[in-house]
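What follows is the content of target_24.txt, which has compact mmCIF, N, CA and C atoms:
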# COMPACT_ATOMS: atom_id res chain seq x y z
N MET N 138 87.66 74.82 66.13
CA MET N 138 86.86 75.43 65.10
C MET N 138 85.57 74.63 64.94
N ALA N 139 84.45 75.32 64.87
CA ALA N 139 83.15 74.68 64.69
C ALA N 139 82.88 74.46 63.19
N ILE N 140 82.14 73.42 62.91
CA ILE N 140 81.78 73.08 61.53
C ILE N 140 80.34 73.54 61.27
N ILE N 141 80.14 74.18 60.15
CA ILE N 141 78.80 74.58 59.73
C ILE N 141 78.17 73.37 59.06
N PRO N 142 76.97 72.95 59.52
CA PRO N 142 76.34 71.77 58.91
C PRO N 142 76.15 71.95 57.40
N GLU N 143 76.42 70.89 56.67
CA GLU N 143 76.33 70.89 55.21
C GLU N 143 74.99 71.45 54.72
N LYS N 144 73.89 71.09 55.41
CA LYS N 144 72.57 71.52 54.93
C LYS N 144 72.30 73.01 55.10
N TYR N 145 73.25 73.75 55.73
CA TYR N 145 73.11 75.20 55.88
C TYR N 145 74.16 75.98 55.08
N LEU N 146 75.06 75.27 54.42
CA LEU N 146 76.10 75.95 53.66
C LEU N 146 75.55 76.77 52.50
N ASP N 147 74.36 76.40 51.99
CA ASP N 147 73.76 77.16 50.90
C ASP N 147 73.53 78.62 51.30
N LEU N 148 73.29 78.86 52.60
CA LEU N 148 73.05 80.23 53.06
C LEU N 148 74.31 81.09 52.94
N LEU N 149 75.46 80.46 52.99
CA LEU N 149 76.73 81.19 52.90
C LEU N 149 77.33 81.15 51.50
N GLN N 150 77.04 80.11 50.75
CA GLN N 150 77.72 79.93 49.48
C GLN N 150 76.89 80.24 48.24
N ARG N 151 75.60 80.01 48.28
CA ARG N 151 74.80 80.15 47.06
C ARG N 151 73.68 81.17 47.17
N LYS N 152 72.97 81.19 48.27
CA LYS N 152 71.82 82.08 48.38
C LYS N 152 72.23 83.53 48.65
N LYS N 153 71.36 84.43 48.29
CA LYS N 153 71.57 85.86 48.56
C LYS N 153 71.09 86.17 49.98
N ALA N 154 71.65 85.47 50.94
CA ALA N 154 71.25 85.62 52.34
C ALA N 154 72.17 86.62 53.02
N PHE N 155 71.59 87.69 53.52
CA PHE N 155 72.36 88.69 54.27
C PHE N 155 72.69 88.14 55.65
N ALA N 156 73.88 88.47 56.11
CA ALA N 156 74.27 88.12 57.48
C ALA N 156 74.12 89.38 58.34
N ASN N 157 73.57 89.22 59.52
CA ASN N 157 73.57 90.31 60.49
C ASN N 157 74.81 90.09 61.35
N LEU N 158 75.78 90.97 61.19
CA LEU N 158 77.07 90.86 61.84
C LEU N 158 77.07 91.69 63.11
N ALA N 159 77.31 91.04 64.24
CA ALA N 159 77.40 91.73 65.53
C ALA N 159 78.86 91.86 65.92
N THR N 160 79.25 93.08 66.24
CA THR N 160 80.60 93.37 66.72
C THR N 160 80.47 94.11 68.05
N LEU N 161 81.60 94.32 68.71
CA LEU N 161 81.59 95.06 69.97
C LEU N 161 82.27 96.41 69.78
N MET N 162 81.60 97.46 70.27
CA MET N 162 82.17 98.79 70.26
C MET N 162 83.27 98.86 71.32
N SER N 163 84.07 99.91 71.31
CA SER N 163 85.17 100.04 72.27
C SER N 163 84.66 100.12 73.71
N ASP N 164 83.40 100.55 73.91
CA ASP N 164 82.83 100.61 75.26
C ASP N 164 82.14 99.30 75.66
N GLY N 165 82.22 98.28 74.77
CA GLY N 165 81.65 96.97 75.07
C GLY N 165 80.20 96.80 74.64
N THR N 166 79.57 97.84 74.11
CA THR N 166 78.18 97.71 73.65
C THR N 166 78.16 97.06 72.27
N PRO N 167 77.08 96.33 71.96
CA PRO N 167 77.01 95.65 70.67
C PRO N 167 76.64 96.61 69.54
N GLN N 168 77.07 96.26 68.35
CA GLN N 168 76.74 96.98 67.13
C GLN N 168 76.43 95.92 66.08
N VAL N 169 75.32 96.08 65.35
CA VAL N 169 74.91 95.08 64.36
C VAL N 169 74.73 95.75 63.00
N THR N 170 75.25 95.08 61.98
CA THR N 170 75.17 95.59 60.61
C THR N 170 74.84 94.44 59.67
N PRO N 171 73.88 94.63 58.75
CA PRO N 171 73.68 93.60 57.72
C PRO N 171 74.83 93.67 56.72
N VAL N 172 75.36 92.49 56.36
CA VAL N 172 76.50 92.43 55.45
C VAL N 172 76.32 91.28 54.46
N TRP N 173 77.02 91.39 53.35
CA TRP N 173 77.18 90.28 52.44
C TRP N 173 78.26 89.38 53.01
N CYS N 174 78.17 88.08 52.73
CA CYS N 174 79.19 87.17 53.22
C CYS N 174 79.34 85.99 52.28
N ASP N 175 80.44 85.27 52.46
CA ASP N 175 80.63 83.98 51.80
C ASP N 175 81.45 83.09 52.73
N TYR N 176 81.77 81.91 52.25
CA TYR N 176 82.42 80.91 53.10
C TYR N 176 83.44 80.16 52.26
N LYS N 177 84.68 80.13 52.76
CA LYS N 177 85.73 79.44 52.01
C LYS N 177 86.76 78.91 53.00
N ASP N 178 87.18 77.68 52.77
CA ASP N 178 88.22 77.05 53.59
C ASP N 178 87.88 77.07 55.08
N GLY N 179 86.60 76.88 55.40
CA GLY N 179 86.17 76.82 56.79
C GLY N 179 86.04 78.17 57.48
N LEU N 180 86.18 79.25 56.73
CA LEU N 180 86.10 80.60 57.30
C LEU N 180 84.97 81.39 56.65
N VAL N 181 84.25 82.16 57.46
CA VAL N 181 83.26 83.10 56.95
C VAL N 181 84.02 84.36 56.55
N ARG N 182 83.68 84.91 55.38
CA ARG N 182 84.37 86.10 54.91
C ARG N 182 83.37 87.23 54.69
N VAL N 183 83.71 88.40 55.19
CA VAL N 183 82.93 89.61 54.96
C VAL N 183 83.88 90.68 54.43
N ASN N 184 83.31 91.74 53.91
CA ASN N 184 84.09 92.79 53.29
C ASN N 184 83.51 94.12 53.73
N THR N 185 84.36 95.08 53.98
CA THR N 185 83.90 96.41 54.35
C THR N 185 84.94 97.43 53.91
N ALA N 186 84.68 98.68 54.19
CA ALA N 186 85.62 99.75 53.86
C ALA N 186 86.23 100.29 55.14
N LYS N 187 87.49 100.67 55.06
CA LYS N 187 88.15 101.29 56.21
C LYS N 187 87.37 102.54 56.63
N GLY N 188 87.32 102.77 57.93
CA GLY N 188 86.65 103.95 58.45
C GLY N 188 85.22 103.70 58.91
N ARG N 189 84.60 102.63 58.48
CA ARG N 189 83.25 102.32 58.92
C ARG N 189 83.28 101.77 60.34
N VAL N 190 82.17 101.88 61.04
CA VAL N 190 82.10 101.44 62.43
C VAL N 190 82.50 99.98 62.56
N LYS N 191 81.92 99.12 61.73
CA LYS N 191 82.25 97.70 61.84
C LYS N 191 83.72 97.46 61.57
N ALA N 192 84.32 98.21 60.64
CA ALA N 192 85.74 98.05 60.35
C ALA N 192 86.59 98.41 61.56
N ARG N 193 86.19 99.43 62.29
CA ARG N 193 86.93 99.81 63.51
C ARG N 193 86.79 98.74 64.59
N ASN N 194 85.66 98.04 64.62
CA ASN N 194 85.42 97.02 65.63
C ASN N 194 86.08 95.68 65.29
N LEU N 195 86.35 95.44 64.03
CA LEU N 195 86.87 94.16 63.57
C LEU N 195 88.39 94.12 63.67
N LYS N 196 88.88 93.77 64.82
CA LYS N 196 90.31 93.62 65.06
C LYS N 196 90.64 92.13 65.13
N LYS N 197 91.88 91.78 64.83
CA LYS N 197 92.28 90.37 64.91
C LYS N 197 92.01 89.85 66.32
N GLY N 198 91.30 88.71 66.40
CA GLY N 198 90.96 88.10 67.67
C GLY N 198 89.66 88.60 68.29
N ALA N 199 89.06 89.63 67.70
CA ALA N 199 87.81 90.18 68.26
C ALA N 199 86.67 89.18 68.12
N PRO N 200 85.81 89.09 69.15
CA PRO N 200 84.64 88.21 69.03
C PRO N 200 83.57 88.84 68.15
N VAL N 201 82.92 88.02 67.36
CA VAL N 201 81.83 88.46 66.49
C VAL N 201 80.75 87.39 66.47
N ALA N 202 79.58 87.77 66.01
CA ALA N 202 78.50 86.81 65.79
C ALA N 202 77.80 87.19 64.49
N LEU N 203 77.31 86.16 63.80
CA LEU N 203 76.54 86.38 62.58
C LEU N 203 75.27 85.55 62.66
N ALA N 204 74.17 86.15 62.27
CA ALA N 204 72.90 85.44 62.14
C ALA N 204 72.49 85.56 60.67
N ILE N 205 72.27 84.40 60.03
CA ILE N 205 71.98 84.38 58.61
C ILE N 205 70.68 83.61 58.40
N ALA N 206 69.64 84.33 57.99
CA ALA N 206 68.34 83.72 57.75
C ALA N 206 68.17 83.40 56.27
N ASP N 207 67.51 82.30 55.98
CA ASP N 207 67.21 81.91 54.62
C ASP N 207 66.21 82.91 54.03
N PRO N 208 66.54 83.58 52.92
CA PRO N 208 65.60 84.55 52.35
C PRO N 208 64.30 83.90 51.85
N ASP N 209 64.32 82.58 51.63
CA ASP N 209 63.13 81.86 51.18
C ASP N 209 62.30 81.30 52.33
N ASN N 210 62.88 81.23 53.51
CA ASN N 210 62.20 80.71 54.70
C ASN N 210 62.90 81.27 55.93
N PRO N 211 62.43 82.41 56.46
CA PRO N 211 63.11 83.06 57.57
C PRO N 211 63.13 82.24 58.86
N TYR N 212 62.42 81.12 58.89
CA TYR N 212 62.45 80.23 60.06
C TYR N 212 63.64 79.27 59.99
N ARG N 213 64.35 79.29 58.87
CA ARG N 213 65.56 78.48 58.69
C ARG N 213 66.75 79.43 58.75
N TYR N 214 67.66 79.16 59.67
CA TYR N 214 68.78 80.08 59.84
C TYR N 214 69.99 79.35 60.42
N VAL N 215 71.11 80.04 60.36
CA VAL N 215 72.32 79.58 61.04
C VAL N 215 72.89 80.77 61.81
N GLN N 216 73.34 80.49 63.02
CA GLN N 216 74.00 81.50 63.85
C GLN N 216 75.43 81.04 64.08
N ILE N 217 76.36 81.93 63.87
CA ILE N 217 77.78 81.60 64.01
C ILE N 217 78.42 82.59 64.98
N ARG N 218 79.08 82.06 65.99
CA ARG N 218 79.89 82.89 66.87
C ARG N 218 81.34 82.50 66.67
N GLY N 219 82.19 83.49 66.59
CA GLY N 219 83.60 83.19 66.36
C GLY N 219 84.47 84.40 66.63
N ARG N 220 85.67 84.32 66.08
CA ARG N 220 86.65 85.40 66.26
C ARG N 220 87.26 85.75 64.91
N VAL N 221 87.63 87.02 64.80
CA VAL N 221 88.30 87.49 63.59
C VAL N 221 89.67 86.84 63.53
N ARG N 222 89.92 86.17 62.43
CA ARG N 222 91.21 85.49 62.25
C ARG N 222 92.19 86.36 61.47
N LEU N 223 91.69 87.06 60.46
CA LEU N 223 92.57 87.85 59.60
C LEU N 223 91.81 89.03 59.01
N ILE N 224 92.50 90.15 58.92
CA ILE N 224 91.98 91.34 58.24
C ILE N 224 93.05 91.74 57.22
N THR N 225 92.65 91.88 55.97
CA THR N 225 93.64 92.19 54.95
C THR N 225 93.04 93.06 53.85
N GLU N 226 93.90 93.86 53.25
CA GLU N 226 93.52 94.61 52.05
C GLU N 226 93.79 93.77 50.81
N ASP N 227 94.68 92.78 50.95
CA ASP N 227 95.03 91.92 49.81
C ASP N 227 93.80 91.14 49.34
N GLY N 228 93.46 91.32 48.10
CA GLY N 228 92.32 90.61 47.51
C GLY N 228 90.97 91.16 47.89
N ALA N 229 90.94 92.25 48.65
CA ALA N 229 89.65 92.80 49.12
C ALA N 229 88.82 93.36 47.97
N ALA N 230 89.45 94.01 47.00
CA ALA N 230 88.70 94.57 45.87
C ALA N 230 88.07 93.44 45.04
N ALA N 231 88.83 92.39 44.79
CA ALA N 231 88.29 91.25 44.04
C ALA N 231 87.20 90.56 44.83
N HIS N 232 87.35 90.51 46.15
CA HIS N 232 86.34 89.86 47.00
C HIS N 232 85.02 90.62 46.96
N ILE N 233 85.05 91.96 47.06
CA ILE N 233 83.79 92.71 47.02
C ILE N 233 83.14 92.58 45.64
N ASP N 234 83.94 92.46 44.60
CA ASP N 234 83.38 92.23 43.27
C ASP N 234 82.72 90.85 43.19
N ALA N 235 83.34 89.83 43.81
CA ALA N 235 82.74 88.49 43.83
C ALA N 235 81.43 88.50 44.62
N LEU N 236 81.40 89.26 45.71
CA LEU N 236 80.15 89.37 46.49
C LEU N 236 79.08 90.12 45.70
N ALA N 237 79.48 91.14 44.94
CA ALA N 237 78.52 91.86 44.09
C ALA N 237 77.93 90.92 43.04
N LYS N 238 78.74 90.00 42.54
CA LYS N 238 78.24 89.02 41.57
C LYS N 238 77.20 88.12 42.24
N LYS N 239 77.51 87.66 43.45
CA LYS N 239 76.59 86.78 44.18
C LYS N 239 75.29 87.49 44.53
N TYR N 240 75.38 88.69 45.07
CA TYR N 240 74.20 89.38 45.61
C TYR N 240 73.46 90.24 44.60
N LEU N 241 74.16 90.79 43.62
CA LEU N 241 73.54 91.71 42.66
C LEU N 241 73.54 91.20 41.23
N GLY N 242 74.33 90.16 40.96
CA GLY N 242 74.46 89.69 39.58
C GLY N 242 75.32 90.62 38.73
N LYS N 243 76.14 91.46 39.38
CA LYS N 243 77.00 92.41 38.68
C LYS N 243 78.46 91.99 38.82
N ASP N 244 79.24 92.23 37.78
CA ASP N 244 80.65 91.85 37.80
C ASP N 244 81.49 92.73 38.71
N LYS N 245 81.08 93.97 38.91
CA LYS N 245 81.82 94.93 39.74
C LYS N 245 80.89 95.51 40.81
N TYR N 246 81.45 95.75 41.97
CA TYR N 246 80.71 96.40 43.06
C TYR N 246 80.37 97.82 42.61
N PRO N 247 79.09 98.17 42.48
CA PRO N 247 78.72 99.44 41.84
C PRO N 247 78.86 100.69 42.71
N TRP N 248 79.02 100.57 44.00
CA TRP N 248 79.01 101.74 44.88
C TRP N 248 80.39 102.12 45.41
N ARG N 249 81.41 101.57 44.83
CA ARG N 249 82.77 101.87 45.30
C ARG N 249 83.18 103.27 44.85
N SER N 250 83.75 104.01 45.79
CA SER N 250 84.26 105.34 45.45
C SER N 250 85.78 105.27 45.34
N PRO N 251 86.39 106.17 44.58
CA PRO N 251 87.84 106.11 44.35
C PRO N 251 88.68 106.19 45.63
N GLU N 252 88.21 106.92 46.63
CA GLU N 252 88.99 107.07 47.86
C GLU N 252 88.78 105.92 48.86
N GLU N 253 87.86 105.04 48.56
CA GLU N 253 87.52 103.95 49.47
C GLU N 253 88.60 102.86 49.47
N GLN N 254 88.98 102.40 50.66
CA GLN N 254 89.92 101.28 50.79
C GLN N 254 89.18 100.10 51.38
N ARG N 255 89.04 99.03 50.61
CA ARG N 255 88.31 97.85 51.03
C ARG N 255 89.19 96.95 51.90
N ILE N 256 88.56 96.24 52.82
CA ILE N 256 89.24 95.22 53.61
C ILE N 256 88.40 93.95 53.62
N LYS N 257 89.09 92.83 53.60
CA LYS N 257 88.45 91.51 53.66
C LYS N 257 88.72 90.96 55.06
N VAL N 258 87.67 90.45 55.69
CA VAL N 258 87.78 89.93 57.05
C VAL N 258 87.42 88.46 57.04
N ARG N 259 88.29 87.64 57.63
CA ARG N 259 88.04 86.20 57.74
C ARG N 259 87.71 85.89 59.20
N ILE N 260 86.62 85.16 59.38
CA ILE N 260 86.12 84.83 60.72
C ILE N 260 86.15 83.32 60.91
N ARG N 261 86.76 82.89 62.00
CA ARG N 261 86.81 81.46 62.32
C ARG N 261 85.60 81.12 63.20
N PRO N 262 84.70 80.25 62.72
CA PRO N 262 83.56 79.84 63.55
C PRO N 262 84.03 79.04 64.77
N GLU N 263 83.52 79.41 65.94
CA GLU N 263 83.82 78.66 67.17
C GLU N 263 82.58 77.95 67.72
N HIS N 264 81.41 78.47 67.37
CA HIS N 264 80.15 77.86 67.83
C HIS N 264 79.11 78.11 66.75
N VAL N 265 78.38 77.06 66.39
CA VAL N 265 77.35 77.17 65.35
C VAL N 265 76.05 76.59 65.87
N ASP N 266 74.97 77.35 65.71
CA ASP N 266 73.61 76.88 65.99
C ASP N 266 72.81 77.03 64.71
N SER N 267 71.89 76.13 64.48
CA SER N 267 71.05 76.24 63.30
C SER N 267 69.66 75.71 63.62
N ALA N 268 68.72 76.15 62.81
CA ALA N 268 67.34 75.67 62.94
C ALA N 268 66.73 75.66 61.56
N GLY N 269 65.83 74.73 61.34
CA GLY N 269 65.19 74.61 60.04
C GLY N 269 63.70 74.39 60.17
N PHE N 270 63.01 75.30 60.80
CA PHE N 270 61.57 75.17 61.00
C PHE N 270 60.83 75.43 59.71
N ASP N 271 59.82 74.64 59.47
CA ASP N 271 58.98 74.82 58.30
C ASP N 271 57.90 75.84 58.66
N GLU N 272 57.85 76.95 57.91
CA GLU N 272 56.89 78.00 58.21
C GLU N 272 55.44 77.57 58.01
N GLN N 273 55.24 76.44 57.34
CA GLN N 273 53.88 75.95 57.12
C GLN N 273 53.34 75.17 58.31
N ALA N 274 54.19 74.81 59.26
CA ALA N 274 53.77 73.98 60.40
C ALA N 274 52.73 74.65 61.27
Before we go any further, please render this structure as structure tokens.
Amino acid sequence: MAIIPEKYLDLLQRKKAFANLATLMSDGTPQVTPVWCDYKDGLVRVNTAKGRVKARNLKKGAPVALAIADPDNPYRYVQIRGRVRLITEDGAAAHIDALAKKYLGKDKYPWRSPEEQRIKVRIRPEHVDSAGFDEQA
């Protein structure tokens, strides 16, 4: 498991930094979606609804990549390549609400529909690259 450098953890834990999540379609072509994310216990966590393209691509053991740019300095970013470790419905509703708090300042995810089934995906980082270029240089 790769370690995310401490100086980039703010992008996953505190800042409203969107992750561009790359998954593989069944034919092997890439698919990229901007997602909310967080980081806990050494794992990157994302949330989606069953039936979406990324949800169909996110199988246990599937390779994924995330690129997360600092919203205050797009020249500062972290790239994470890893594999899906766990997909679960358990705690997924609470997780999307926690992400809504982080990204929107709202206690509840406002766009949830009654028929929607949320899933929480945990990703184990296997390779991490980061850069912190000053845009003023």
message: Using all atoms listed in the file, can you tell me which of N:Val201, N:Lys257, N:Gln216, N:Ala237 comes closest to N:Ala159?
response: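 The answer is N:Val201, which sits nearest to N:Ala159.
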- request: Give as a PyMOL selection string each residue that has an atom at most 12 Å from (76.0, 81.0, 62.1) in the file, counting only C-alpha atoms.
  value: chain N and resi 139-142+145-146+148-149+154-159+174-176+180-181+201-207+213-219+260-268
message: Env of stretch 221-234 of chain N: 6 Å cut, atoms = only N, CA and C atoms, seq-sep filter 3 positions within chain, self excluded. Answer as JSON, numbers by chain.
response: {"N": [196, 197, 198, 199, 200, 201, 237, 238, 244, 245, 246, 255, 256, 257, 258, 259, 260, 261]}
File of the preceding selection, N, CA and C atoms, as an mmCIF file, keeping the file's coordinate frame:
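Everything below was put into part05.cif:
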data_model
loop_
_atom_site.group_PDB
_atom_site.id
_atom_site.type_symbol
_atom_site.label_atom_id
_atom_site.label_comp_id
_atom_site.auth_asym_id
_atom_site.auth_seq_id
_atom_site.Cartn_x
_atom_site.Cartn_y
_atom_site.Cartn_z
ATOM 1 N N LYS N 196 88.880 93.770 64.820
ATOM 2 C CA LYS N 196 90.310 93.620 65.060
ATOM 3 C C LYS N 196 90.640 92.130 65.130
ATOM 4 N N LYS N 197 91.880 91.780 64.830
ATOM 5 C CA LYS N 197 92.280 90.370 64.910
ATOM 6 C C LYS N 197 92.010 89.850 66.320
ATOM 7 N N GLY N 198 91.300 88.710 66.400
ATOM 8 C CA GLY N 198 90.960 88.100 67.670
ATOM 9 C C GLY N 198 89.660 88.600 68.290
ATOM 10 N N ALA N 199 89.060 89.630 67.700
ATOM 11 C CA ALA N 199 87.810 90.180 68.260
ATOM 12 C C ALA N 199 86.670 89.180 68.120
ATOM 13 N N PRO N 200 85.810 89.090 69.150
ATOM 14 C CA PRO N 200 84.640 88.210 69.030
ATOM 15 C C PRO N 200 83.570 88.840 68.150
ATOM 16 N N VAL N 201 82.920 88.020 67.360
ATOM 17 C CA VAL N 201 81.830 88.460 66.490
ATOM 18 C C VAL N 201 80.750 87.390 66.470
ATOM 19 N N ALA N 237 79.480 91.140 44.940
ATOM 20 C CA ALA N 237 78.520 91.860 44.090
ATOM 21 C C ALA N 237 77.930 90.920 43.040
ATOM 22 N N LYS N 238 78.740 90.000 42.540
ATOM 23 C CA LYS N 238 78.240 89.020 41.570
ATOM 24 C C LYS N 238 77.200 88.120 42.240
ATOM 25 N N ASP N 244 79.240 92.230 37.780
ATOM 26 C CA ASP N 244 80.650 91.850 37.800
ATOM 27 C C ASP N 244 81.490 92.730 38.710
ATOM 28 N N LYS N 245 81.080 93.970 38.910
ATOM 29 C CA LYS N 245 81.820 94.930 39.740
ATOM 30 C C LYS N 245 80.890 95.510 40.810
ATOM 31 N N TYR N 246 81.450 95.750 41.970
ATOM 32 C CA TYR N 246 80.710 96.400 43.060
ATOM 33 C C TYR N 246 80.370 97.820 42.610
ATOM 34 N N ARG N 255 89.040 99.030 50.610
ATOM 35 C CA ARG N 255 88.310 97.850 51.030
ATOM 36 C C ARG N 255 89.190 96.950 51.900
ATOM 37 N N ILE N 256 88.560 96.240 52.820
ATOM 38 C CA ILE N 256 89.240 95.220 53.610
ATOM 39 C C ILE N 256 88.400 93.950 53.620
ATOM 40 N N LYS N 257 89.090 92.830 53.600
ATOM 41 C CA LYS N 257 88.450 91.510 53.660
ATOM 42 C C LYS N 257 88.720 90.960 55.060
ATOM 43 N N VAL N 258 87.670 90.450 55.690
ATOM 44 C CA VAL N 258 87.780 89.930 57.050
ATOM 45 C C VAL N 258 87.420 88.460 57.040
ATOM 46 N N ARG N 259 88.290 87.640 57.630
ATOM 47 C CA ARG N 259 88.040 86.200 57.740
ATOM 48 C C ARG N 259 87.710 85.890 59.200
ATOM 49 N N ILE N 260 86.620 85.160 59.380
ATOM 50 C CA ILE N 260 86.120 84.830 60.720
ATOM 51 C C ILE N 260 86.150 83.320 60.910
ATOM 52 N N ARG N 261 86.760 82.890 62.000
ATOM 53 C CA ARG N 261 86.810 81.460 62.320
ATOM 54 C C ARG N 261 85.600 81.120 63.200
#
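Of note, atom CA of N:Lys152 and atom CA of N:Glu253 are spaced 26.9 Å apart.
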message: Report, in Å to a single decimal, how far apart atom CA of N:Leu195 and atom CA of N:Gly269 are.
response: 29.4 Å
- request: Please report, as a PyMOL selection string, each residue of chain N to which DSSP assigns strand (DSSP E) when run on this structure's backbone.
  value: chain N and resi 156-161+167-172+174-177+180-186+200-207+210-225+255-269
field: Separation of atom N of N:Lys239 from atom N of N:Met162 in Å
entry: 28.8 Å
query: Using only C-alpha atoms, which of the listed residues (N:Arg249, N:Lys243, N:Lys144, N:Lys191) sits closest to N:Pro167?
result: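 Among the listed residues, the smallest separation from N:Pro167 belongs to N:Lys191.
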task: Step one, run DSSP on the backbone; step two, keep only residues of chain N assigned to alpha helix (DSSP H); then write them as a list in words.
output: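 After running DSSP on the backbone, chain N has alpha helix (DSSP H) at Asp147, Leu148, Leu149, Gln150, Val190, Lys191, Ala192, Arg193, Asn194, Ala229, Ala230, Ala231, His232, Ile233, Asp234, Ala235, Leu236, Ala237, Lys238, Lys239, Tyr240 and Leu241 of chain N.
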task: Please identify all polymer residues lying at most 6 Å from the point (80.6, 95.8, 65.1) (file coordinates), using only C-alpha atoms, and present the result as a ChimeraX atom specification.
output: /N:159-161,168-169,191,194
message: If we count only N, CA and C atoms and set the cut-off at 6.5 Å, which residues sit around N:Gln254, ignoring sequence neighbours fewer than 2 positions away in its own chain? Please answer as an MDAnalysis selection string.
response: chainID N and resid 185:187 251:252 256
Put a box with edges along x, y and z around all the listed atoms of stretch 140-146 of chain N, pad it by 3 Å on each side, then give me its centre and sizes in Å, one decimal, as AutoDock Vina command-line options.
--center_x 77.2 --center_y 73.8 --center_z 57.7 --size_x 15.8 --size_y 11.9 --size_z 16.4
